[in-house]
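Chemist: If it helps, the file is called work-v8.cif and holds mmCIF, C-alpha atoms:
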```cif
data_run
loop_
_atom_site.group_PDB
_atom_site.id
_atom_site.type_symbol
_atom_site.label_atom_id
_atom_site.label_comp_id
_atom_site.auth_asym_id
_atom_site.auth_seq_id
_atom_site.Cartn_x
_atom_site.Cartn_y
_atom_site.Cartn_z
ATOM 1 C CA ARG A 43 132.417 63.583 95.094
ATOM 2 C CA ARG A 44 135.624 62.808 96.938
ATOM 3 C CA LYS A 45 137.713 64.372 94.148
ATOM 4 C CA GLN A 46 135.517 67.471 94.243
ATOM 5 C CA SER A 47 136.113 67.784 97.988
ATOM 6 C CA THR A 48 139.879 67.393 97.523
ATOM 7 C CA ASP A 49 139.878 70.017 94.742
ATOM 8 C CA GLU A 50 138.049 72.486 96.984
ATOM 9 C CA GLN A 51 140.456 71.795 99.865
ATOM 10 C CA ASN A 52 143.430 72.390 97.549
ATOM 11 C CA LYS A 53 141.908 75.643 96.296
ATOM 12 C CA LEU A 54 141.230 76.753 99.860
ATOM 13 C CA MET A 55 144.804 75.952 100.969
ATOM 14 C CA PHE A 56 146.159 77.893 98.003
ATOM 15 C CA LEU A 57 143.852 80.884 98.561
ATOM 16 C CA LYS A 58 144.611 81.075 102.292
ATOM 17 C CA LYS A 59 148.277 81.713 101.407
ATOM 18 C CA GLN A 60 147.372 84.766 99.317
ATOM 19 C CA LYS A 61 147.220 88.339 100.636
ATOM 20 C CA ILE A 62 144.554 89.353 98.123
ATOM 21 C CA VAL A 63 141.954 87.178 96.402
ATOM 22 C CA GLY A 64 139.898 88.609 93.543
ATOM 23 C CA ALA A 65 136.640 87.447 92.029
ATOM 24 C CA THR A 66 133.767 88.840 90.051
ATOM 25 C CA ILE A 67 130.458 89.082 91.893
ATOM 26 C CA VAL A 68 129.221 86.125 89.801
ATOM 27 C CA GLY A 69 132.379 84.122 90.550
ATOM 28 C CA ALA A 70 132.007 84.829 94.268
ATOM 29 C CA SER A 71 128.385 83.668 94.109
ATOM 30 C CA VAL A 72 129.288 80.471 92.272
ATOM 31 C CA HIS A 73 132.073 79.697 94.758
ATOM 32 C CA LEU A 74 130.219 80.906 97.856
ATOM 33 C CA SER A 75 131.094 77.841 99.946
ATOM 34 C CA LEU A 76 134.781 78.447 99.183
ATOM 35 C CA ILE A 77 134.439 82.151 100.055
ATOM 36 C CA GLN A 78 132.734 81.222 103.337
ATOM 37 C CA LYS A 79 135.577 78.868 104.240
ATOM 38 C CA LEU A 80 138.149 81.469 103.222
ATOM 39 C CA ALA A 81 136.403 83.856 105.665
ATOM 40 C CA PRO A 82 137.668 87.220 104.360
ATOM 41 C CA LYS A 83 137.648 90.093 106.841
ATOM 42 C CA ILE A 84 137.731 92.779 104.138
ATOM 43 C CA VAL A 85 135.746 92.796 100.901
ATOM 44 C CA LEU A 86 136.472 95.387 98.225
ATOM 45 C CA VAL A 87 133.916 95.748 95.418
ATOM 46 C CA GLU A 88 134.956 97.521 92.212
ATOM 47 C CA GLU A 89 132.191 99.140 90.104
ATOM 48 C CA ALA A 90 129.934 98.774 93.145
ATOM 49 C CA ALA A 91 127.331 101.173 91.754
ATOM 50 C CA GLU A 92 126.560 98.620 89.023
ATOM 51 C CA VAL A 93 126.197 95.598 91.317
ATOM 52 C CA LEU A 94 122.681 94.539 92.280
ATOM 53 C CA GLU A 95 122.214 94.784 96.041
ATOM 54 C CA PRO A 96 120.931 91.188 96.441
ATOM 55 C CA CYS A 97 123.976 89.882 94.545
ATOM 56 C CA LEU A 98 126.304 91.809 96.835
ATOM 57 C CA VAL A 99 124.558 90.851 100.057
ATOM 58 C CA ALA A 100 124.531 87.193 99.003
ATOM 59 C CA VAL A 101 128.338 86.990 98.949
ATOM 60 C CA LEU A 102 128.979 88.830 102.222
ATOM 61 C CA THR A 103 129.918 86.204 104.772
ATOM 62 C CA LYS A 104 129.769 86.386 108.577
ATOM 63 C CA SER A 105 133.519 86.986 108.675
ATOM 64 C CA VAL A 106 133.374 90.332 106.835
ATOM 65 C CA GLU A 107 134.356 93.233 109.090
ATOM 66 C CA LYS A 108 134.883 95.895 106.438
ATOM 67 C CA LEU A 109 133.151 96.450 103.104
ATOM 68 C CA ILE A 110 134.767 98.885 100.683
ATOM 69 C CA LEU A 111 132.620 99.988 97.740
ATOM 70 C CA ILE A 112 134.354 101.671 94.800
ATOM 71 C CA GLY A 113 132.405 103.164 91.937
ATOM 72 C CA ASP A 114 130.420 106.114 90.710
ATOM 73 C CA HIS A 115 126.867 106.220 92.027
ATOM 74 C CA LYS A 116 126.038 108.993 89.522
ATOM 75 C CA GLN A 117 126.939 106.922 86.492
ATOM 76 C CA LEU A 118 125.871 103.409 85.507
ATOM 77 C CA LYS A 119 123.167 101.712 87.547
ATOM 78 C CA PRO A 120 122.567 97.997 88.018
ATOM 79 C CA GLN A 121 120.837 96.357 85.057
ATOM 80 C CA VAL A 122 117.368 95.140 86.044
ATOM 81 C CA ASP A 123 115.165 93.796 83.271
ATOM 82 C CA THR A 124 112.015 93.335 85.338
ATOM 83 C CA TYR A 125 109.949 96.514 85.491
ATOM 84 C CA HIS A 126 108.152 95.301 88.639
ATOM 85 C CA LEU A 127 111.444 94.859 90.537
ATOM 86 C CA ARG A 128 112.600 98.332 89.496
ATOM 87 C CA LYS A 129 109.322 100.067 90.308
ATOM 88 C CA GLU A 130 108.173 98.255 93.449
ATOM 89 C CA TYR A 131 111.496 97.300 95.066
ATOM 90 C CA ASN A 132 113.994 99.853 93.666
ATOM 91 C CA PHE A 133 116.346 97.137 92.427
ATOM 92 C CA HIS A 134 117.827 99.668 90.000
ATOM 93 C CA ILE A 135 119.437 101.416 92.988
ATOM 94 C CA SER A 136 122.686 99.815 94.111
ATOM 95 C CA MET A 137 123.663 99.409 97.745
ATOM 96 C CA MET A 138 126.349 102.005 97.153
ATOM 97 C CA GLU A 139 123.874 104.595 95.851
ATOM 98 C CA ARG A 140 121.458 103.779 98.671
ATOM 99 C CA LEU A 141 124.153 104.254 101.344
ATOM 100 C CA VAL A 142 125.354 107.538 99.826
ATOM 101 C CA GLY A 143 121.734 108.733 99.660
ATOM 102 C CA LEU A 144 121.292 107.918 103.355
ATOM 103 C CA GLY A 145 124.260 110.112 104.262
ATOM 104 C CA PHE A 146 126.753 107.297 104.838
ATOM 105 C CA PRO A 147 130.317 108.704 104.801
ATOM 106 C CA TYR A 148 132.133 108.456 101.471
ATOM 107 C CA LYS A 149 135.041 109.988 99.578
ATOM 108 C CA LYS A 150 134.958 111.165 96.004
ATOM 109 C CA LEU A 151 137.538 112.137 93.435
ATOM 110 C CA VAL A 152 137.899 115.849 92.868
ATOM 111 C CA ARG A 153 140.350 115.805 89.961
ATOM 112 C CA GLN A 154 140.315 113.817 86.758
ATOM 113 C CA GLY A 155 143.067 113.057 84.334
ATOM 114 C CA ARG A 156 141.500 110.837 81.688
ATOM 115 C CA MET A 157 139.739 113.438 79.557
ATOM 116 C CA ARG A 158 140.930 116.517 77.748
ATOM 117 C CA PRO A 159 139.442 119.725 79.242
ATOM 118 C CA GLU A 160 137.104 120.228 76.257
ATOM 119 C CA PHE A 161 135.470 116.903 77.175
ATOM 120 C CA SER A 162 135.506 117.204 80.971
ATOM 121 C CA CYS A 163 133.848 120.632 80.912
ATOM 122 C CA MET A 164 130.745 118.938 79.461
ATOM 123 C CA LEU A 165 130.325 116.976 82.713
ATOM 124 C CA LYS A 166 130.201 119.974 85.051
ATOM 125 C CA ASP A 167 126.440 119.568 85.559
ATOM 126 C CA ILE A 168 127.022 116.059 86.964
ATOM 127 C CA TYR A 169 130.416 116.697 88.596
ATOM 128 C CA PRO A 170 130.551 120.422 89.433
ATOM 129 C CA ASP A 171 133.554 120.022 91.762
ATOM 130 C CA TYR A 172 135.804 118.112 89.350
ATOM 131 C CA ASP A 173 138.982 119.782 88.165
ATOM 132 C CA ASP A 174 141.495 118.640 85.587
ATOM 133 C CA PHE A 175 145.049 117.693 86.565
ATOM 134 C CA GLU A 176 147.276 120.601 85.518
ATOM 135 C CA GLY A 177 149.524 119.849 82.567
ATOM 136 C CA LEU A 178 148.064 116.426 81.835
ATOM 137 C CA SER A 179 146.283 117.484 78.653
ATOM 138 C CA ASP A 180 149.495 119.119 77.384
ATOM 139 C CA ARG A 181 150.921 115.623 76.916
ATOM 140 C CA ASN A 182 147.755 114.473 75.129
ATOM 141 C CA GLU A 183 148.052 116.150 71.753
ATOM 142 C CA VAL A 184 145.239 116.492 69.233
ATOM 143 C CA ILE A 185 145.478 113.977 66.378
ATOM 144 C CA GLU A 186 146.856 115.863 63.366
ATOM 145 C CA CYS A 187 144.536 114.289 60.788
ATOM 146 C CA LEU A 188 141.454 115.715 62.559
ATOM 147 C CA PRO A 189 140.497 119.411 62.475
ATOM 148 C CA CYS A 190 139.704 119.378 66.232
ATOM 149 C CA SER A 191 139.793 116.984 69.168
ATOM 150 C CA MET A 192 135.993 116.732 69.547
ATOM 151 C CA PHE A 193 133.139 116.512 67.085
ATOM 152 C CA PHE A 194 129.649 115.068 67.043
ATOM 153 C CA TRP A 195 127.778 113.165 64.363
ATOM 154 C CA SER A 196 124.297 111.804 64.099
#
```
Represent the structure of the file as structure tokens.

Modeler:
Amino acid sequence: RRKQSTDEQNKLMFLKKQKIVGATIVGASVHLSLIQKLAPKIVLVEEAAEVLEPCLVAVLTKSVEKLILIGDHKQLKPQVDTYHLRKEYNFHISMMERLVGLGFPYKKLVRQGRMRPEFSCMLKDIYPDYDDFEGLSDRNEVIECLPCSMFFWS
């Protein structure tokens, strides 16, 4: 028990010297007492639209002054296996999606550079305001062994 306490104190001393500390939502939950002692003022959550709201709320400590949620609330939702929790308590809706739905201020990307235009045009019904970065697809050439850059199979 004494060694465990010393290990946690050493971890805390090390973490307090860092400008940024990262953890998964599960890791933050497992090490909640350490997070509480670290007392972060800012918490940034990547893929926030996939994180269950109770999991996120559980790791927010009293010290948090700013919560930054990054993700796409129109894409992947949190995975909830229990039908009752989805239906009765809306657990399939992340905190991020809930806040956006309530009119909370947010910023969104308006240009994408990962997909070729023939792919990105297929997402216009979900992302009508997205544009492609000019010239980016020119550097992404079609593979020569394929007749075209996109095809479907079933």

Chemist: Quick one: everything within 7 Å of A:Arg153, counting all atoms listed in the file, minus sequence neighbours fewer than 5 positions away in the same chain. Send it as a list in words.

Modeler: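 Surrounding residues, per the criterion: Tyr172, Asp173, Asp174 and Phe175 of chain A.
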
Chemist: To one decimal in Å, tell me the separation between atom CA of A:Cys97 and atom CA of A:Val68.

Modeler: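 Between these atoms lies a distance of 8.0 Å.
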
Chemist: Take the PyMOL selection byres ((chain A and resi 75-90) around 8), apply it to the structure above, and return the hits as a PDB file with C-alpha atoms, keeping the file's coordinate frame.

Modeler:
```
ATOM      1  CA  GLU A  50     138.049  72.486  96.984  1.00  0.00           C
ATOM      2  CA  LEU A  54     141.230  76.753  99.860  1.00  0.00           C
ATOM      3  CA  LEU A  57     143.852  80.884  98.561  1.00  0.00           C
ATOM      4  CA  LYS A  58     144.611  81.075 102.292  1.00  0.00           C
ATOM      5  CA  ALA A  70     132.007  84.829  94.268  1.00  0.00           C
ATOM      6  CA  HIS A  73     132.073  79.697  94.758  1.00  0.00           C
ATOM      7  CA  LEU A  74     130.219  80.906  97.856  1.00  0.00           C
ATOM      8  CA  ALA A  91     127.331 101.173  91.754  1.00  0.00           C
ATOM      9  CA  GLU A  92     126.560  98.620  89.023  1.00  0.00           C
ATOM     10  CA  VAL A  93     126.197  95.598  91.317  1.00  0.00           C
ATOM     11  CA  VAL A 101     128.338  86.990  98.949  1.00  0.00           C
ATOM     12  CA  LEU A 102     128.979  88.830 102.222  1.00  0.00           C
ATOM     13  CA  THR A 103     129.918  86.204 104.772  1.00  0.00           C
ATOM     14  CA  LYS A 104     129.769  86.386 108.577  1.00  0.00           C
ATOM     15  CA  SER A 105     133.519  86.986 108.675  1.00  0.00           C
ATOM     16  CA  VAL A 106     133.374  90.332 106.835  1.00  0.00           C
ATOM     17  CA  GLU A 107     134.356  93.233 109.090  1.00  0.00           C
ATOM     18  CA  LYS A 108     134.883  95.895 106.438  1.00  0.00           C
ATOM     19  CA  LEU A 109     133.151  96.450 103.104  1.00  0.00           C
ATOM     20  CA  ILE A 110     134.767  98.885 100.683  1.00  0.00           C
ATOM     21  CA  LEU A 111     132.620  99.988  97.740  1.00  0.00           C
ATOM     22  CA  ILE A 112     134.354 101.671  94.800  1.00  0.00           C
ATOM     23  CA  GLY A 113     132.405 103.164  91.937  1.00  0.00           C
ATOM     24  CA  ASP A 114     130.420 106.114  90.710  1.00  0.00           C
ATOM     25  CA  SER A 136     122.686  99.815  94.111  1.00  0.00           C
ATOM     26  CA  MET A 137     123.663  99.409  97.745  1.00  0.00           C
ATOM     27  CA  MET A 138     126.349 102.005  97.153  1.00  0.00           C
TER      28      MET A 138
END
```

Chemist: So which residues touch A:Phe133 within 7 Å, counting only C-alpha atoms, skipping near sequence neighbours fewer than 6 positions away, as a list in words?

Modeler: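 Listed by chain and then number, they are Leu94, Val122 and Leu127 of chain A.
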
Chemist: One decimal, Å: what's the distance from atom CA of A:Lys53 over to atom CA of A:Gly69, could you say?

Modeler: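 Those two atoms sit 14.0 Å apart.
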